Structures are given as structure tokens and as C-alpha cells.
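Here the structure comes first, spelled out in C-alpha cells, and everything after it is commentary.
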Amino acid sequence: MDKRSGIIERYRKFLPVSEQTPVVTLLEGDTPLIASRSLGSELGIDLYFKYEGLNPTCSFKDRGMTMAISKAKEEDAIAVICASTGNTAASAAAYAARGGLRCIVVIPEGKIAVGKLAQSLVHGATVVEVDKNFDQALKIVLELTEKHPITLVNSINAYRLEGQKTAAFEICDDLGDAPDYLVIPVGNAGNISAYWMGFSEYKKDGLSSKSPKLIGFQAAGAAPIVVGHPIEAPETVATAIRIGNPVRWEQANDAAKESGGYIDLVTDREILDAYEMLASKEGIFAEPASAASIAGLRKSIQEGKITGGSRVVCVLTGHGLKDPTTTRLIKNKVLQSEATSEALEKIIF
Ligand code: F0G
């Protein structure tokens, strides 16, 4: 199957679709698995980045959304709704536009990266900001879907995970087998659960010989799974994973354990350092939440939890341009110069 046909056509036999399913696609998936130039050798591992920021709306959500919106259409929905820290909203808005459905997104006040908000608005979604955080926004959205015939497209929707598991298939297809470890940021905990489904299915079908150990990372101020209880007021620079009570908590925990991996946390400082390093040393601009996987990789290596020489894939969930404001927090700054070549020479050399 042509890789550029979108994930439903490419992996149709693994997905709950039929000939009757109207496929709503923006040709998502087939994202590059980029070999590390410097970090891998520095850490003594064979390292790859799964760059999900190169999906149509610049995050991994598009894999789940092509499934959720196609199935919503098949089930004659007229509208879809989600609560979101930004990326789910952007993806839902785009795929709903593509499918001719109404889209409503509910977002936590003041904590959405500007690019994500711009996407939701330009795709014509009804965007509603509430003076609460993501967890509370999701709760009210759930209440609404119980009362009205609107399809929920958060990752509670099982079709989302079905679509997202295809990223694991692509990694195995590209490498010829599963890697030894997969390192991934964790927010509402849907994606790590989806990867585990994907790796498990491929192994069961004999398309890979093993499954990787999954290592998930939450941000220190929003790490309910790690500390073992919900966080009332989660805080982190990685706004995409600013979540205090993940819906897929147990499934994610089970996935990590079953795989032989674990879920841990990284600080905002570690996230920002990884964010800048990834862009300046590897040439890959990923958003802060994505950099949690890189920060986490460094921590796991330091703690001796990943064996030297292992093949490791870090998932970079979203594109850095979604959140340009955070670049203000990096060390590199604009320099000022008088407009003469002598002054410029002094600064450069
Ligand atoms: N990385 C990015 C860039 C995200 O947007 C999210 C989740 C995650 C990682 C975590 O994935 O929730 O499946 O564990 N963003 C959601 C949203 C919550 O509303 O866009 P997860």
C-alpha cells in the first residue's frame, strides 16, 4: 500500500474500518524516523527520533483523529467535541473541517500555545475557553456528551488509540523490527497505551520479533502517575502535558509494566535543556512536551536504566512552531549591533 495514502488505507487490516467507512484523511502518518547525529553517540546508544511533528496538523493526534472523525461520520454524527491542551483541538478542528462536521473545542484558560489556538480557530471550530484546567474541562465535556448526540474525540474514544497505534507499526516497518526501548511523553496517557497496542499486535502477527520496553515521562509538576495520586493544580512549561488526572492512567501503567519499562518524571529545567539541545544539535524543532522524552532518555541513561548499545526510539509528539513563545526561555538570544560592518565583525568574530 502507498505510504502516502494515510494511515487507514496503509494499515486497514489492523483497524476497525470496513468498506462502508467514509475515510476522512489528510494523508497523515509516514512520519520520518530520523537517526540521531550527536546525542546517540554521546549516550552510547543507537538512537532515532520518530518526528510526529510532521503530520498534517503537526502532531501525532492526526493518526487518531483520521479514525475518530471517519467513524463519527460513519455513525452519522453531525458534531464532535473535545477538551484539549491544544493539539487534540487543532487536529479535531482540521479533520472535522475536512469531513464537513461541526467541531467544538474546550480549552483551559491562558495555557494553550498560540499556534494550536490559531489552528483551531482557522479551521472553523467553536472554541470555548473555560477558567479551569484540562482535567476539569474534560469532565464538563463528558457531561455534555452524555446529554447530547455529540461525538467525543478525546482519547477516551477507542478509535483514537486504534489510529495512534500505527506509529508503532511504522517504527517496526522502518527498522525491520521493534527497537529495544521506546521513550515517550505522557499526558492523558493515551499515546503510550496506543503504542503498546501497536507493538503487541505486530509481534502477535509475527511482523516483529519482540516488543520494546516503554519508558514514559511526565513533567514534574504534572506527574500524577509517578506520585500515585491526582494533581489538583498541575503546572509545567510543557503545556501539552499539563494534566493532573489522566484518563488512560491504568492502561498506561499496565502498558509500561507489561513491557518491562516504567513511567517517571522530568523537571521543567530538564525539558527546556533537552528542547534547546534537540533543536540546536540535531536540527529538530519539537515542542516542549515532546522534549520530555529526550530529557527522560538522558535521565534513564544516567541512572543506568537503559543498557549501552541499545536501539532506542524517542517519540517527538509535536512540532516546535506550534509554541513559538517558549523560545523566549532558551539560552540563545538575538544580539544587537550598530549597522556597520565593523560593529558586526566584532560581534561575530
Ligand atoms: N505530546 C504532545 C505534544 C501532546 O499534545 C500530548 C497530549 C502528549 C504529548 C501526551 O499524549 O495525552 O496521549 O499521553 N495532548 C492532549 C491534547 C492532551 O489535548 O492535545 P497523551
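Residues are referred to by chain and number: the chain letter is A, B, ... according to the order shown in the C-alpha cells, the number counts from 1 in that chain, and ligands are numbered separately from 1 in the order shown.
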Which chains and residue numbers are within 6 Å of ligand 1, counting only C-alpha atoms and all ligand atoms, if I want them as a short mmCIF file (atom, residue, chain, number, x, y, z; two decimals) with N, CA, C and O atoms, in the first residue's frame?
```cif
data_model
loop_
_atom_site.label_atom_id
_atom_site.label_comp_id
_atom_site.auth_asym_id
_atom_site.auth_seq_id
_atom_site.Cartn_x
_atom_site.Cartn_y
_atom_site.Cartn_z
N SER A 84 -9.09 20.02 25.47
CA SER A 84 -7.74 19.84 24.94
C SER A 84 -6.74 20.82 25.52
O SER A 84 -7.08 21.95 25.85
N THR A 85 -5.49 20.37 25.60
CA THR A 85 -4.40 21.28 25.92
C THR A 85 -3.87 21.90 24.61
O THR A 85 -2.86 22.58 24.63
N GLY A 86 -4.52 21.65 23.49
CA GLY A 86 -4.20 22.35 22.25
C GLY A 86 -4.09 21.49 21.01
O GLY A 86 -4.67 21.80 19.97
N ASN A 87 -3.35 20.40 21.09
CA ASN A 87 -3.11 19.61 19.88
C ASN A 87 -4.31 18.77 19.44
O ASN A 87 -4.60 18.68 18.25
N THR A 88 -5.00 18.18 20.40
CA THR A 88 -6.21 17.43 20.05
C THR A 88 -7.21 18.37 19.39
O THR A 88 -7.84 18.04 18.38
N PRO A 185 6.64 11.00 25.86
CA PRO A 185 5.99 11.83 26.88
C PRO A 185 4.60 11.30 27.23
O PRO A 185 3.94 10.69 26.39
N VAL A 186 4.17 11.55 28.46
CA VAL A 186 2.86 11.07 28.91
C VAL A 186 2.04 12.24 29.48
O VAL A 186 2.53 12.99 30.33
N GLY A 187 0.82 12.39 28.96
CA GLY A 187 -0.08 13.43 29.46
C GLY A 187 -1.37 12.79 29.93
O GLY A 187 -1.50 12.34 31.07
N ASN A 188 -2.32 12.67 29.00
CA ASN A 188 -3.57 11.98 29.32
C ASN A 188 -3.39 10.47 29.19
O ASN A 188 -4.31 9.69 29.41
N ALA A 189 -2.21 10.07 28.77
CA ALA A 189 -1.74 8.68 28.77
C ALA A 189 -2.34 7.80 27.68
O ALA A 189 -2.24 6.57 27.72
N GLY A 190 -2.93 8.42 26.67
CA GLY A 190 -3.48 7.66 25.55
C GLY A 190 -2.40 7.14 24.61
O GLY A 190 -2.45 5.99 24.15
N ASN A 191 -1.40 7.98 24.35
CA ASN A 191 -0.44 7.62 23.30
C ASN A 191 0.44 6.44 23.70
O ASN A 191 0.66 5.53 22.90
N ALA A 240 1.24 21.08 26.87
CA ALA A 240 0.52 19.96 26.24
C ALA A 240 0.28 18.82 27.22
O ALA A 240 -0.70 18.09 27.11
N ILE A 241 1.18 18.67 28.20
CA ILE A 241 1.05 17.56 29.16
C ILE A 241 0.77 18.09 30.58
O ILE A 241 1.11 17.45 31.57
N ALA A 289 6.67 19.63 25.32
CA ALA A 289 6.17 18.32 25.79
C ALA A 289 6.93 17.18 25.12
O ALA A 289 7.24 16.16 25.75
N SER A 290 7.23 17.34 23.84
CA SER A 290 7.97 16.30 23.12
C SER A 290 9.37 16.13 23.68
O SER A 290 9.90 15.02 23.75
N THR A 317 6.41 14.25 19.76
CA THR A 317 4.97 14.24 19.52
C THR A 317 4.41 15.43 18.73
O THR A 317 3.39 15.30 18.05
N GLY A 318 5.06 16.60 18.87
CA GLY A 318 4.51 17.79 18.21
C GLY A 318 5.60 18.74 17.72
O GLY A 318 6.72 18.73 18.23
#
```
For the structure I just gave you, how does DSSP split region 10-252 of chain A - specifically, which residues are strand (DSSP E or B)? Reply as a ChimeraX atom specification.
/A:33-35,46-51,59,79-83,102-108,126-130,151-152,181-185,213-219,222
Residues from the last selection, N, CA and C atoms, saved as a short mmCIF file (atom, residue, chain, number, x, y, z; two decimals), in the first residue's frame:
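part.cif was written with the following content:
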```
data_model
loop_
_atom_site.label_atom_id
_atom_site.label_comp_id
_atom_site.auth_asym_id
_atom_site.auth_seq_id
_atom_site.Cartn_x
_atom_site.Cartn_y
_atom_site.Cartn_z
N LEU A 33 11.57 8.65 10.62
CA LEU A 33 12.31 8.12 11.76
C LEU A 33 13.74 8.57 11.52
N ILE A 34 14.16 9.58 12.24
CA ILE A 34 15.43 10.24 11.94
C ILE A 34 16.53 9.71 12.87
N ALA A 35 17.64 9.26 12.28
CA ALA A 35 18.76 8.77 13.10
C ALA A 35 19.42 9.97 13.78
N ASP A 46 22.04 3.46 19.99
CA ASP A 46 21.63 3.62 18.60
C ASP A 46 20.26 4.33 18.64
N LEU A 47 20.29 5.65 18.44
CA LEU A 47 19.11 6.47 18.75
C LEU A 47 18.40 7.01 17.51
N TYR A 48 17.07 6.97 17.54
CA TYR A 48 16.23 7.51 16.46
C TYR A 48 15.13 8.39 17.06
N PHE A 49 14.73 9.37 16.25
CA PHE A 49 13.61 10.23 16.64
C PHE A 49 12.44 9.97 15.72
N LYS A 50 11.28 9.64 16.28
CA LYS A 50 10.06 9.50 15.47
C LYS A 50 9.40 10.87 15.48
N TYR A 51 9.54 11.59 14.36
CA TYR A 51 9.17 13.01 14.32
C TYR A 51 7.71 13.19 13.92
N SER A 59 1.09 17.33 14.74
CA SER A 59 1.23 16.50 15.94
C SER A 59 0.72 15.08 15.66
N ALA A 79 -21.68 16.48 14.84
CA ALA A 79 -20.71 17.34 15.54
C ALA A 79 -19.79 16.50 16.41
N VAL A 80 -18.58 17.02 16.62
CA VAL A 80 -17.63 16.37 17.52
C VAL A 80 -17.17 17.39 18.56
N ILE A 81 -16.71 16.90 19.68
CA ILE A 81 -16.28 17.80 20.76
C ILE A 81 -15.06 17.21 21.46
N CYS A 82 -14.20 18.08 21.98
CA CYS A 82 -13.09 17.61 22.81
C CYS A 82 -12.70 18.70 23.80
N ALA A 83 -12.09 18.26 24.90
CA ALA A 83 -11.35 19.17 25.76
C ALA A 83 -9.91 18.98 25.35
N ARG A 102 -19.31 19.69 12.35
CA ARG A 102 -19.09 20.80 13.27
C ARG A 102 -18.12 20.34 14.36
N CYS A 103 -17.27 21.25 14.82
CA CYS A 103 -16.31 20.88 15.88
C CYS A 103 -16.37 21.90 17.01
N ILE A 104 -16.43 21.40 18.23
CA ILE A 104 -16.42 22.27 19.41
C ILE A 104 -15.22 21.88 20.26
N VAL A 105 -14.41 22.85 20.63
CA VAL A 105 -13.26 22.54 21.49
C VAL A 105 -13.31 23.39 22.75
N VAL A 106 -12.99 22.74 23.86
CA VAL A 106 -13.00 23.42 25.15
C VAL A 106 -11.57 23.40 25.69
N ILE A 107 -11.05 24.59 25.96
CA ILE A 107 -9.64 24.69 26.33
C ILE A 107 -9.45 25.39 27.68
N PRO A 108 -8.39 25.00 28.40
CA PRO A 108 -8.10 25.67 29.67
C PRO A 108 -7.58 27.09 29.41
N THR A 126 -15.73 25.87 16.96
CA THR A 126 -16.24 26.73 18.02
C THR A 126 -15.29 26.54 19.19
N VAL A 127 -14.54 27.59 19.52
CA VAL A 127 -13.51 27.47 20.55
C VAL A 127 -13.99 28.14 21.83
N VAL A 128 -14.05 27.36 22.90
CA VAL A 128 -14.54 27.90 24.17
C VAL A 128 -13.46 27.75 25.23
N GLU A 129 -13.11 28.88 25.84
CA GLU A 129 -12.12 28.85 26.91
C GLU A 129 -12.85 28.80 28.25
N VAL A 130 -12.39 27.95 29.16
CA VAL A 130 -13.01 27.92 30.50
C VAL A 130 -11.95 28.24 31.55
N THR A 151 -20.24 13.56 19.29
CA THR A 151 -19.21 12.53 19.48
C THR A 151 -17.97 13.10 20.17
N LEU A 152 -17.57 12.42 21.22
CA LEU A 152 -16.36 12.82 21.95
C LEU A 152 -15.13 12.32 21.20
N TYR A 181 13.98 -0.04 23.20
CA TYR A 181 13.24 0.87 24.09
C TYR A 181 12.49 1.90 23.26
N LEU A 182 11.32 2.32 23.77
CA LEU A 182 10.61 3.45 23.21
C LEU A 182 10.43 4.45 24.35
N VAL A 183 10.86 5.69 24.13
CA VAL A 183 10.75 6.71 25.18
C VAL A 183 9.75 7.77 24.71
N ILE A 184 8.79 8.11 25.57
CA ILE A 184 7.63 8.87 25.11
C ILE A 184 7.06 9.77 26.22
N PRO A 185 6.64 11.00 25.86
CA PRO A 185 5.99 11.83 26.88
C PRO A 185 4.60 11.30 27.23
N LYS A 213 10.71 -2.08 25.49
CA LYS A 213 10.36 -1.61 26.83
C LYS A 213 9.88 -0.17 26.65
N LEU A 214 8.72 0.15 27.23
CA LEU A 214 8.19 1.51 27.11
C LEU A 214 8.57 2.32 28.34
N ILE A 215 9.18 3.47 28.09
CA ILE A 215 9.54 4.37 29.20
C ILE A 215 8.83 5.70 28.96
N GLY A 216 7.89 6.04 29.85
CA GLY A 216 7.10 7.25 29.70
C GLY A 216 7.57 8.33 30.65
N PHE A 217 7.41 9.60 30.23
CA PHE A 217 7.81 10.71 31.11
C PHE A 217 6.72 11.75 31.24
N GLN A 218 6.41 12.06 32.51
CA GLN A 218 5.53 13.18 32.82
C GLN A 218 6.40 14.35 33.27
N ALA A 219 5.81 15.55 33.26
CA ALA A 219 6.53 16.72 33.78
C ALA A 219 6.38 16.73 35.29
N ALA A 222 3.32 17.89 36.97
CA ALA A 222 2.09 17.28 36.46
C ALA A 222 2.33 15.78 36.29
#
```
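Residues in contact with Glu28 (chain A) at 9 Å, where only C-alpha atoms are counted and same-chain residues fewer than 5 positions away are skipped, are listed as Arg4, Ser5, Gly6, Ile7, Leu54, Asn55, Pro56, Thr57, Phe60, Asp62, Arg63 and Thr66 of chain A.
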Okay, now the selection with all heavy atoms, as a CSV table (one decimal), in the first residue's frame?
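Output contents, as saved in part.csv:
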```csv
chain,number,residue,atom,x,y,z
A,4,ARG,N,1.8,7.1,1.2
A,4,ARG,CA,1.2,8.4,1.3
A,4,ARG,C,-0.3,8.4,1.2
A,4,ARG,O,-1.0,9.4,1.0
A,4,ARG,CB,1.8,9.3,0.2
A,4,ARG,CG,3.1,9.9,0.6
A,4,ARG,CD,3.9,10.3,-0.6
A,4,ARG,NE,4.1,9.2,-1.5
A,4,ARG,CZ,4.8,9.3,-2.6
A,4,ARG,NH1,5.3,10.4,-3.0
A,4,ARG,NH2,5.0,8.2,-3.4
A,5,SER,N,-1.0,7.3,1.4
A,5,SER,CA,-2.4,7.2,1.4
A,5,SER,C,-3.1,7.5,2.7
A,5,SER,O,-4.3,7.5,2.8
A,5,SER,CB,-2.8,5.8,0.9
A,5,SER,OG,-2.3,4.9,1.8
A,6,GLY,N,-2.3,7.8,3.7
A,6,GLY,CA,-2.9,8.0,5.1
A,6,GLY,C,-2.9,6.7,5.8
A,6,GLY,O,-2.8,5.6,5.2
A,7,ILE,N,-3.0,6.7,7.1
A,7,ILE,CA,-2.8,5.5,7.9
A,7,ILE,C,-4.0,4.5,7.8
A,7,ILE,O,-3.8,3.3,8.0
A,7,ILE,CB,-2.6,5.8,9.4
A,7,ILE,CG1,-3.7,6.6,10.1
A,7,ILE,CG2,-1.3,6.6,9.6
A,7,ILE,CD1,-4.4,5.9,11.1
A,54,LEU,N,5.6,16.2,12.0
A,54,LEU,CA,5.5,16.3,10.5
A,54,LEU,C,4.2,15.7,10.0
A,54,LEU,O,4.0,15.4,8.9
A,54,LEU,CB,6.7,15.8,9.8
A,54,LEU,CG,8.0,16.6,10.0
A,54,LEU,CD1,9.1,16.2,9.1
A,54,LEU,CD2,7.7,18.1,9.9
A,55,ASN,N,3.2,15.5,10.9
A,55,ASN,CA,1.9,15.1,10.5
A,55,ASN,C,1.1,16.4,10.0
A,55,ASN,O,1.6,17.5,10.2
A,55,ASN,CB,1.1,14.5,11.7
A,55,ASN,CG,1.4,13.0,11.8
A,55,ASN,OD1,1.0,12.3,10.9
A,55,ASN,ND2,2.0,12.6,12.9
A,56,PRO,N,0.0,16.2,9.3
A,56,PRO,CA,-0.7,17.4,8.7
A,56,PRO,C,-1.0,18.6,9.6
A,56,PRO,O,-0.8,19.7,9.2
A,56,PRO,CB,-2.0,16.8,8.2
A,56,PRO,CG,-1.7,15.4,7.9
A,56,PRO,CD,-0.7,15.0,9.0
A,57,THR,N,-1.4,18.3,10.9
A,57,THR,CA,-1.6,19.5,11.8
A,57,THR,C,-0.4,19.6,12.8
A,57,THR,O,-0.5,20.2,13.8
A,57,THR,CB,-2.9,19.4,12.6
A,57,THR,OG1,-2.9,18.5,13.6
A,57,THR,CG2,-4.1,19.1,11.6
A,60,PHE,N,1.0,14.2,16.6
A,60,PHE,CA,0.6,12.7,16.4
A,60,PHE,C,-0.9,12.6,16.5
A,60,PHE,O,-1.4,11.5,16.1
A,60,PHE,CB,1.3,11.9,17.5
A,60,PHE,CG,0.7,12.2,18.9
A,60,PHE,CD1,-0.3,11.3,19.4
A,60,PHE,CD2,1.2,13.2,19.7
A,60,PHE,CE1,-0.8,11.5,20.7
A,60,PHE,CE2,0.7,13.4,21.0
A,60,PHE,CZ,-0.3,12.6,21.5
A,62,ASP,N,-3.2,13.5,14.7
A,62,ASP,CA,-3.8,13.2,13.4
A,62,ASP,C,-4.0,11.7,13.1
A,62,ASP,O,-5.0,11.4,12.4
A,62,ASP,CB,-3.0,13.9,12.3
A,62,ASP,CG,-2.9,15.4,12.4
A,62,ASP,OD1,-3.7,16.0,13.1
A,62,ASP,OD2,-2.0,16.0,11.8
A,63,ARG,N,-3.2,10.9,13.6
A,63,ARG,CA,-3.3,9.4,13.4
A,63,ARG,C,-4.6,9.0,14.1
A,63,ARG,O,-5.4,8.1,13.5
A,63,ARG,CB,-2.2,8.7,14.1
A,63,ARG,CG,-0.9,8.9,13.5
A,63,ARG,CD,0.2,8.1,14.3
A,63,ARG,NE,1.5,8.4,13.8
A,63,ARG,CZ,2.0,7.8,12.7
A,63,ARG,NH1,1.4,6.9,12.1
A,63,ARG,NH2,3.2,8.2,12.3
A,66,THR,N,-8.0,10.9,12.3
A,66,THR,CA,-8.5,10.3,11.0
A,66,THR,C,-9.5,9.2,11.3
A,66,THR,O,-10.5,9.0,10.7
A,66,THR,CB,-7.4,9.9,10.0
A,66,THR,OG1,-8.0,9.5,8.8
A,66,THR,CG2,-6.5,8.8,10.6
```
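Of the listed residues A:Thr21, A:Ala168, A:Arg10, A:Gly44, the one whose atoms come nearest to Gly304 (chain A) is A:Gly44, with distances taken using only C-alpha atoms.
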Select from region 25-162 of chain A everything DSSP, run on the backbone, classes as alpha helix (DSSP H), then give the selection as a ChimeraX atom specification.
/A:39-43,61-74,87-99,114-122,134-147,158-162
Env of Glu258 (chain A): 12 Å cut, atoms = only C-alpha atoms, seq-sep filter 6 positions within chain, self excluded. Answer as a PyMOL selection string.
chain A and resi 193+196-197+199-200+211-215+250-252
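Counting from CA of Leu15 (chain A), the distance to CA of Lys116 (chain A) is 27.9 Å.
The residue that comes closest to Tyr262 (chain A), out of A:Gly296, A:Pro32, A:Pro324, A:Pro230 and on the basis of only C-alpha atoms, is A:Gly296.
Taking CA of Ala238 (chain A) and CA of Pro288 (chain A) as endpoints, the distance between them is 5.0 Å.
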